[in-house]
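**Q** I'm passing along work.tsv; it holds TSV, N, CA and C atoms.
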```
chain	number	residue	atom	x	y	z
W	53	MET	N	-8.96	4.22	-26.60
W	53	MET	CA	-8.26	3.01	-26.97
W	53	MET	C	-9.09	1.77	-26.59
W	54	ASN	N	-9.72	1.84	-25.41
W	54	ASN	CA	-10.54	0.72	-24.95
W	54	ASN	C	-11.65	0.40	-25.95
W	55	LYS	N	-12.34	1.41	-26.40
W	55	LYS	CA	-13.45	1.19	-27.33
W	55	LYS	C	-12.96	0.70	-28.69
W	56	SER	N	-11.83	1.22	-29.12
W	56	SER	CA	-11.25	0.78	-30.38
W	56	SER	C	-10.85	-0.69	-30.32
W	57	LEU	N	-10.19	-1.09	-29.23
W	57	LEU	CA	-9.81	-2.49	-29.07
W	57	LEU	C	-11.03	-3.39	-28.97
W	58	ALA	N	-12.05	-2.93	-28.25
W	58	ALA	CA	-13.28	-3.71	-28.11
W	58	ALA	C	-13.94	-3.94	-29.46
W	59	ALA	N	-13.97	-2.89	-30.29
W	59	ALA	CA	-14.59	-3.01	-31.61
W	59	ALA	C	-13.77	-3.91	-32.54
W	60	GLU	N	-12.47	-3.79	-32.46
W	60	GLU	CA	-11.62	-4.54	-33.37
W	60	GLU	C	-11.48	-6.02	-33.00
W	61	TRP	N	-11.36	-6.31	-31.72
W	61	TRP	CA	-11.06	-7.67	-31.28
W	61	TRP	C	-12.26	-8.42	-30.72
W	62	GLY	N	-13.41	-7.76	-30.60
W	62	GLY	CA	-14.60	-8.43	-30.07
W	62	GLY	C	-15.01	-9.64	-30.88
W	63	LYS	N	-14.81	-9.58	-32.18
W	63	LYS	CA	-15.20	-10.72	-33.03
W	63	LYS	C	-14.37	-11.98	-32.76
W	64	TYR	N	-13.27	-11.81	-32.05
W	64	TYR	CA	-12.43	-12.95	-31.68
W	64	TYR	C	-12.69	-13.41	-30.24
W	65	GLY	N	-13.74	-12.88	-29.64
W	65	GLY	CA	-14.10	-13.27	-28.28
W	65	GLY	C	-13.35	-12.53	-27.19
W	66	MET	N	-12.61	-11.51	-27.57
W	66	MET	CA	-11.87	-10.73	-26.57
W	66	MET	C	-12.72	-9.54	-26.13
W	67	ARG	N	-12.69	-9.26	-24.83
W	67	ARG	CA	-13.45	-8.14	-24.28
W	67	ARG	C	-12.50	-7.16	-23.61
W	68	PHE	N	-12.79	-5.89	-23.77
W	68	PHE	CA	-11.96	-4.82	-23.20
W	68	PHE	C	-12.87	-3.87	-22.43
W	69	ASN	N	-12.69	-3.84	-21.12
W	69	ASN	CA	-13.46	-2.97	-20.26
W	69	ASN	C	-12.52	-2.23	-19.33
W	70	VAL	N	-12.96	-1.08	-18.87
W	70	VAL	CA	-12.15	-0.23	-18.00
W	70	VAL	C	-12.88	-0.03	-16.67
W	71	ILE	N	-12.14	-0.14	-15.58
W	71	ILE	CA	-12.66	0.22	-14.26
W	71	ILE	C	-11.96	1.51	-13.86
W	72	GLN	N	-12.76	2.55	-13.59
W	72	GLN	CA	-12.23	3.83	-13.11
W	72	GLN	C	-12.46	3.90	-11.61
W	73	PRO	N	-11.48	3.49	-10.81
W	73	PRO	CA	-11.71	3.47	-9.36
W	73	PRO	C	-11.59	4.84	-8.73
W	74	GLY	N	-12.40	5.06	-7.74
W	74	GLY	CA	-12.26	6.23	-6.88
W	74	GLY	C	-11.30	5.87	-5.76
W	75	PRO	N	-11.37	6.59	-4.67
W	75	PRO	CA	-10.45	6.30	-3.56
W	75	PRO	C	-10.75	4.96	-2.90
W	76	ILE	N	-9.74	4.11	-2.91
W	76	ILE	CA	-9.81	2.79	-2.28
W	76	ILE	C	-8.81	2.80	-1.13
W	77	LYS	N	-9.29	2.55	0.07
W	77	LYS	CA	-8.39	2.62	1.22
W	77	LYS	C	-7.55	1.35	1.31
W	78	THR	N	-6.25	1.56	1.26
W	78	THR	CA	-5.30	0.47	1.49
W	78	THR	C	-4.28	0.95	2.52
W	79	LYS	N	-3.79	0.03	3.28
W	79	LYS	CA	-2.83	0.37	4.32
W	79	LYS	C	-1.57	1.01	3.73
W	80	GLY	N	-1.06	0.45	2.66
W	80	GLY	CA	0.17	0.97	2.05
W	80	GLY	C	0.03	2.38	1.54
W	81	ALA	N	-1.03	2.65	0.80
W	81	ALA	CA	-1.20	3.99	0.22
W	81	ALA	C	-1.52	5.03	1.27
W	82	PHE	N	-2.47	4.74	2.13
W	82	PHE	CA	-2.91	5.76	3.08
W	82	PHE	C	-1.89	6.02	4.19
W	83	SER	N	-1.10	5.02	4.54
W	83	SER	CA	-0.08	5.25	5.57
W	83	SER	C	1.01	6.19	5.06
W	84	ARG	N	1.20	6.23	3.75
W	84	ARG	CA	2.22	7.09	3.16
W	84	ARG	C	1.65	8.44	2.71
W	85	LEU	N	0.48	8.40	2.06
W	85	LEU	CA	-0.08	9.62	1.48
W	85	LEU	C	-0.87	10.46	2.48
W	86	ASP	N	-1.43	9.81	3.49
W	86	ASP	CA	-2.27	10.51	4.46
W	86	ASP	C	-2.05	9.95	5.86
W	87	PRO	N	-0.85	10.09	6.40
W	87	PRO	CA	-0.56	9.48	7.71
W	87	PRO	C	-1.40	10.03	8.86
W	88	THR	N	-1.88	11.26	8.75
W	88	THR	CA	-2.67	11.85	9.85
W	88	THR	C	-4.16	11.55	9.71
W	89	GLY	N	-4.62	11.17	8.55
W	89	GLY	CA	-6.04	10.88	8.33
W	89	GLY	C	-6.87	12.10	7.99
W	90	ALA	N	-6.26	13.29	7.91
W	90	ALA	CA	-7.02	14.52	7.63
W	90	ALA	C	-7.56	14.52	6.21
W	91	PHE	N	-6.79	14.07	5.26
W	91	PHE	CA	-7.23	14.07	3.87
W	91	PHE	C	-8.35	13.06	3.65
W	92	GLU	N	-8.31	11.95	4.36
W	92	GLU	CA	-9.34	10.93	4.24
W	92	GLU	C	-10.72	11.49	4.58
W	93	LYS	N	-10.80	12.29	5.62
W	93	LYS	CA	-12.08	12.89	6.01
W	93	LYS	C	-12.62	13.79	4.90
W	94	ASP	N	-11.75	14.57	4.26
W	94	ASP	CA	-12.18	15.42	3.15
W	94	ASP	C	-12.68	14.58	1.97
W	95	MET	N	-11.98	13.49	1.69
W	95	MET	CA	-12.40	12.61	0.60
W	95	MET	C	-13.79	12.03	0.87
W	96	ILE	N	-13.99	11.56	2.07
W	96	ILE	CA	-15.28	10.94	2.41
W	96	ILE	C	-16.42	11.96	2.28
W	97	ASN	N	-16.16	13.21	2.59
W	97	ASN	CA	-17.18	14.25	2.44
W	97	ASN	C	-17.56	14.49	0.99
W	98	ARG	N	-16.70	14.12	0.05
W	98	ARG	CA	-16.99	14.29	-1.37
W	98	ARG	C	-17.65	13.08	-2.00
W	99	ILE	N	-17.88	12.03	-1.22
W	99	ILE	CA	-18.43	10.79	-1.76
W	99	ILE	C	-19.85	10.61	-1.24
W	100	PRO	N	-20.85	10.62	-2.12
W	100	PRO	CA	-22.23	10.48	-1.68
W	100	PRO	C	-22.49	9.21	-0.86
W	101	CYS	N	-21.78	8.13	-1.12
W	101	CYS	CA	-21.98	6.90	-0.34
W	101	CYS	C	-21.46	7.04	1.08
W	102	GLY	N	-20.65	8.07	1.35
W	102	GLY	CA	-20.20	8.35	2.70
W	102	GLY	C	-19.06	7.49	3.21
W	103	ARG	N	-18.34	6.84	2.31
W	103	ARG	CA	-17.21	6.01	2.72
W	103	ARG	C	-16.29	5.79	1.53
W	104	LEU	N	-15.11	5.27	1.83
W	104	LEU	CA	-14.17	4.89	0.78
W	104	LEU	C	-14.49	3.49	0.30
W	105	GLY	N	-14.02	3.17	-0.89
W	105	GLY	CA	-14.20	1.83	-1.40
W	105	GLY	C	-13.22	0.86	-0.74
W	106	THR	N	-13.47	-0.42	-0.94
W	106	THR	CA	-12.57	-1.43	-0.39
W	106	THR	C	-11.94	-2.24	-1.51
W	107	VAL	N	-10.82	-2.83	-1.21
W	107	VAL	CA	-10.13	-3.68	-2.19
W	107	VAL	C	-11.03	-4.85	-2.59
W	108	GLU	N	-11.77	-5.39	-1.64
W	108	GLU	CA	-12.66	-6.52	-1.92
W	108	GLU	C	-13.75	-6.14	-2.92
W	109	GLU	N	-14.30	-4.94	-2.77
W	109	GLU	CA	-15.34	-4.49	-3.72
W	109	GLU	C	-14.77	-4.35	-5.12
W	110	LEU	N	-13.58	-3.82	-5.21
W	110	LEU	CA	-12.92	-3.67	-6.52
W	110	LEU	C	-12.63	-5.05	-7.11
W	111	ALA	N	-12.15	-5.96	-6.30
W	111	ALA	CA	-11.87	-7.32	-6.77
W	111	ALA	C	-13.14	-8.02	-7.25
W	112	ASN	N	-14.25	-7.80	-6.53
W	112	ASN	CA	-15.52	-8.40	-6.95
W	112	ASN	C	-15.97	-7.89	-8.31
W	113	LEU	N	-15.81	-6.59	-8.54
W	113	LEU	CA	-16.18	-6.03	-9.84
W	113	LEU	C	-15.30	-6.60	-10.94
W	114	ALA	N	-13.99	-6.66	-10.70
W	114	ALA	CA	-13.08	-7.21	-11.70
W	114	ALA	C	-13.40	-8.68	-11.99
W	115	ALA	N	-13.69	-9.45	-10.94
W	115	ALA	CA	-14.03	-10.86	-11.13
W	115	ALA	C	-15.31	-11.01	-11.94
W	116	PHE	N	-16.29	-10.15	-11.66
W	116	PHE	CA	-17.54	-10.18	-12.43
W	116	PHE	C	-17.26	-9.90	-13.91
W	117	LEU	N	-16.46	-8.87	-14.18
W	117	LEU	CA	-16.18	-8.51	-15.57
W	117	LEU	C	-15.43	-9.61	-16.32
W	118	CYS	N	-14.67	-10.41	-15.59
W	118	CYS	CA	-13.93	-11.52	-16.21
W	118	CYS	C	-14.77	-12.78	-16.34
W	119	SER	N	-15.91	-12.80	-15.69
W	119	SER	CA	-16.73	-14.02	-15.66
W	119	SER	C	-17.65	-14.12	-16.88
W	120	ASP	N	-18.25	-15.29	-17.03
W	120	ASP	CA	-19.22	-15.50	-18.10
W	120	ASP	C	-20.49	-14.67	-17.91
W	121	TYR	N	-20.75	-14.22	-16.67
W	121	TYR	CA	-21.93	-13.40	-16.42
W	121	TYR	C	-21.83	-12.05	-17.14
W	122	ALA	N	-20.63	-11.63	-17.46
W	122	ALA	CA	-20.41	-10.36	-18.14
W	122	ALA	C	-19.96	-10.56	-19.58
W	123	SER	N	-20.29	-11.69	-20.15
W	123	SER	CA	-19.78	-12.02	-21.48
W	123	SER	C	-20.27	-11.08	-22.58
W	124	TRP	N	-21.30	-10.30	-22.31
W	124	TRP	CA	-21.82	-9.39	-23.33
W	124	TRP	C	-21.41	-7.95	-23.05
W	125	ILE	N	-20.60	-7.75	-22.04
W	125	ILE	CA	-20.10	-6.41	-21.72
W	125	ILE	C	-18.75	-6.24	-22.41
W	126	ASN	N	-18.68	-5.29	-23.31
W	126	ASN	CA	-17.45	-5.05	-24.06
W	126	ASN	C	-17.35	-3.56	-24.40
W	127	GLY	N	-16.21	-2.98	-24.15
W	127	GLY	CA	-16.01	-1.56	-24.45
W	127	GLY	C	-16.58	-0.64	-23.39
W	128	ALA	N	-16.87	-1.17	-22.22
W	128	ALA	CA	-17.49	-0.38	-21.16
W	128	ALA	C	-16.44	0.34	-20.31
W	129	VAL	N	-16.84	1.48	-19.81
W	129	VAL	CA	-16.04	2.21	-18.83
W	129	VAL	C	-16.91	2.32	-17.58
W	130	ILE	N	-16.48	1.65	-16.52
W	130	ILE	CA	-17.29	1.58	-15.31
W	130	ILE	C	-16.66	2.46	-14.24
W	131	ARG	N	-17.40	3.49	-13.87
W	131	ARG	CA	-16.96	4.39	-12.80
W	131	ARG	C	-17.27	3.72	-11.47
W	132	PHE	N	-16.27	3.59	-10.64
W	132	PHE	CA	-16.38	2.84	-9.39
W	132	PHE	C	-15.89	3.76	-8.27
W	133	ASP	N	-16.69	4.77	-7.94
W	133	ASP	CA	-16.21	5.82	-7.03
W	133	ASP	C	-17.22	6.24	-5.97
W	134	GLY	N	-18.25	5.45	-5.76
W	134	GLY	CA	-19.24	5.79	-4.75
W	134	GLY	C	-20.08	7.01	-5.09
W	135	GLY	N	-20.05	7.43	-6.35
W	135	GLY	CA	-20.79	8.61	-6.79
W	135	GLY	C	-20.01	9.90	-6.72
W	136	GLU	N	-18.71	9.84	-6.45
W	136	GLU	CA	-17.90	11.05	-6.28
W	136	GLU	C	-17.92	11.95	-7.52
W	137	GLU	N	-17.72	11.37	-8.70
W	137	GLU	CA	-17.67	12.20	-9.91
W	137	GLU	C	-19.01	12.88	-10.17
W	138	VAL	N	-20.08	12.17	-9.93
W	138	VAL	CA	-21.41	12.76	-10.13
W	138	VAL	C	-21.61	13.96	-9.21
W	139	LEU	N	-21.17	13.82	-7.97
W	139	LEU	CA	-21.35	14.90	-7.01
W	139	LEU	C	-20.51	16.12	-7.36
W	140	ILE	N	-19.25	15.92	-7.75
W	140	ILE	CA	-18.37	17.07	-7.99
W	140	ILE	C	-18.51	17.65	-9.39
W	141	SER	N	-19.37	17.06	-10.23
W	141	SER	CA	-19.52	17.54	-11.59
W	141	SER	C	-20.47	18.73	-11.73
W	142	GLY	N	-21.30	18.97	-10.75
W	142	GLY	CA	-22.30	20.03	-10.87
W	142	GLY	C	-21.78	21.38	-10.44
W	143	GLU	N	-22.32	22.42	-11.03
W	143	GLU	CA	-21.93	23.80	-10.72
W	143	GLU	C	-22.30	24.20	-9.30
W	144	PHE	N	-23.42	23.72	-8.82
W	144	PHE	CA	-23.97	24.20	-7.56
W	144	PHE	C	-23.83	23.19	-6.41
W	145	ASN	N	-23.01	22.17	-6.61
W	145	ASN	CA	-22.87	21.15	-5.56
W	145	ASN	C	-22.26	21.69	-4.29
W	146	SER	N	-21.45	22.72	-4.38
W	146	SER	CA	-20.85	23.28	-3.18
W	146	SER	C	-21.86	24.04	-2.32
W	147	LEU	N	-23.06	24.28	-2.85
W	147	LEU	CA	-24.09	24.98	-2.08
W	147	LEU	C	-24.59	24.14	-0.91
W	148	SER	N	-24.33	22.84	-0.96
W	148	SER	CA	-24.77	21.99	0.15
W	148	SER	C	-24.02	22.32	1.44
W	149	LYS	N	-22.90	23.01	1.32
W	149	LYS	CA	-22.15	23.42	2.51
W	149	LYS	C	-22.87	24.56	3.19
```
Is it possible to give me this structure as structure tokens?

**A**
Amino acid sequence: MNKSLAAEWGKYGMRFNVIQPGPIKTKGAFSRLDPTGAFEKDMINRIPCGRLGTVEELANLAAFLCSDYASWINGAVIRFDGGEEVLISGEFNSLSK
């Protein structure tokens, strides 16, 4: 849908981009979903950057995409996960254990 909208409405100056966020640590979500912190450690082990994302980093990306600096970016899907998808996509990635 994103690419279709980008193609159809781009001529009117409208841009459509998608941010695919990985795990972003927030007090509200993690206090409810992972109160002991055990799941967080497993998540961090699956992220090549070795940490969770922050709300500020996500906000910076969104602000960039809305700015004139990104005026030529349209129809993009930006994976924002610290490399998690790349790591878990391979057949032999579990061999690192």

**Q** Quick one, how far is CA of Tyr121 in chain W from CA of Gly134 in chain W?

**A** 22.6 Å

**Q** Residues within 7 Å of Arg67 in chain W, please, as a PyMOL selection string. Count only C-alpha atoms; anything in the same chain fewer than 4 positions from it doesn't count.

**A** chain W and resi 58+62+126

**Q** Within 10 Å of (-15.0, -15.7, -25.4), in the coordinates the file gives, what residues turn up when you count only C-alpha atoms, written out as a PyMOL selection string?

**A** chain W and resi 62-67+120+123-124

**Q** For the selection you just gave me, I'd like the residues written to a file as a CSV table (one decimal), in the coordinates of the input, keeping N, CA and C atoms.

**A**
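result38.csv was written with the following content:
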```
chain,number,residue,atom,x,y,z
W,62,GLY,N,-13.4,-7.8,-30.6
W,62,GLY,CA,-14.6,-8.4,-30.1
W,62,GLY,C,-15.0,-9.6,-30.9
W,63,LYS,N,-14.8,-9.6,-32.2
W,63,LYS,CA,-15.2,-10.7,-33.0
W,63,LYS,C,-14.4,-12.0,-32.8
W,64,TYR,N,-13.3,-11.8,-32.0
W,64,TYR,CA,-12.4,-13.0,-31.7
W,64,TYR,C,-12.7,-13.4,-30.2
W,65,GLY,N,-13.7,-12.9,-29.6
W,65,GLY,CA,-14.1,-13.3,-28.3
W,65,GLY,C,-13.4,-12.5,-27.2
W,66,MET,N,-12.6,-11.5,-27.6
W,66,MET,CA,-11.9,-10.7,-26.6
W,66,MET,C,-12.7,-9.5,-26.1
W,67,ARG,N,-12.7,-9.3,-24.8
W,67,ARG,CA,-13.4,-8.1,-24.3
W,67,ARG,C,-12.5,-7.2,-23.6
W,120,ASP,N,-18.2,-15.3,-17.0
W,120,ASP,CA,-19.2,-15.5,-18.1
W,120,ASP,C,-20.5,-14.7,-17.9
W,123,SER,N,-20.3,-11.7,-20.2
W,123,SER,CA,-19.8,-12.0,-21.5
W,123,SER,C,-20.3,-11.1,-22.6
W,124,TRP,N,-21.3,-10.3,-22.3
W,124,TRP,CA,-21.8,-9.4,-23.3
W,124,TRP,C,-21.4,-8.0,-23.0
```

**Q** Counting only N, CA and C atoms, what is within 7 Å of Lys55 in chain W, bar same-chain residues fewer than 3 positions away, as a list in words?

**A**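 Answer for this query is Ala58, Ala59, Glu60, Phe68, Asn126, Gly127 and Ala128 of chain W.
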
**Q** Mind giving me the straight-line distance from CA of Glu136 in chain W to atom C of Ile99 in chain W in Å, one decimal?

**A**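 The value is 5.4 Å.
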
**Q** Please, what distance in Å, to one decimal, runs between CA of Leu110 in chain W and atom N of Trp61 in chain W?

**A**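 Computed distance, CA of Leu110 in chain W to atom N of Trp61 in chain W, equals 25.4 Å.
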
**Q** Which neighbours of Gly74 in chain W fall inside 8 Å, counting all atoms listed in the file, when residues of the same chain fewer than 6 positions from it are skipped, and could you give them as a list of chain:residue names?

**A** W:Leu104, W:Gly105, W:Arg131, W:Phe132, W:Asp133, W:Gly134, W:Gly135, W:Glu136, W:Glu137

**Q** Per DSSP on the backbone, filter chain W down to the residues in strand (DSSP E or B) and report them as a ChimeraX atom specification.

**A** /W:70-73,76,105,129-132

**Q** Let's see if you can do this: from backbone DSSP, list all alpha helix (DSSP H) residues in range 53-139 of chain W, as number ranges by chain.

**A** W: 54-61, 79-85, 90-97, 107-118, 136-139

**Q** Hey, which of W:Leu117, W:Lys77, W:Gly89, W:Phe82 ends up closest to Arg103 in chain W? Count only N, CA and C atoms.

**A**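 Smallest distance to Arg103 in chain W is found for W:Lys77.
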
**Q** Considering all atoms listed in the file, state which residue in the set W:Asn54, W:Thr106, W:Asn145, W:Asn97 is at the smallest distance from Asn69 in chain W.

**A**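 When distances to Asn69 in chain W are compared using all atoms listed in the file, the smallest one comes from W:Asn54.
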
**Q** Please list, as a PyMOL selection string, the residues that have an atom at most 7 Å away from (-11.2, 10.2, -3.1) in the coordinates of this file, counting only C-alpha atoms.

**A** chain W and resi 74-75+95-96
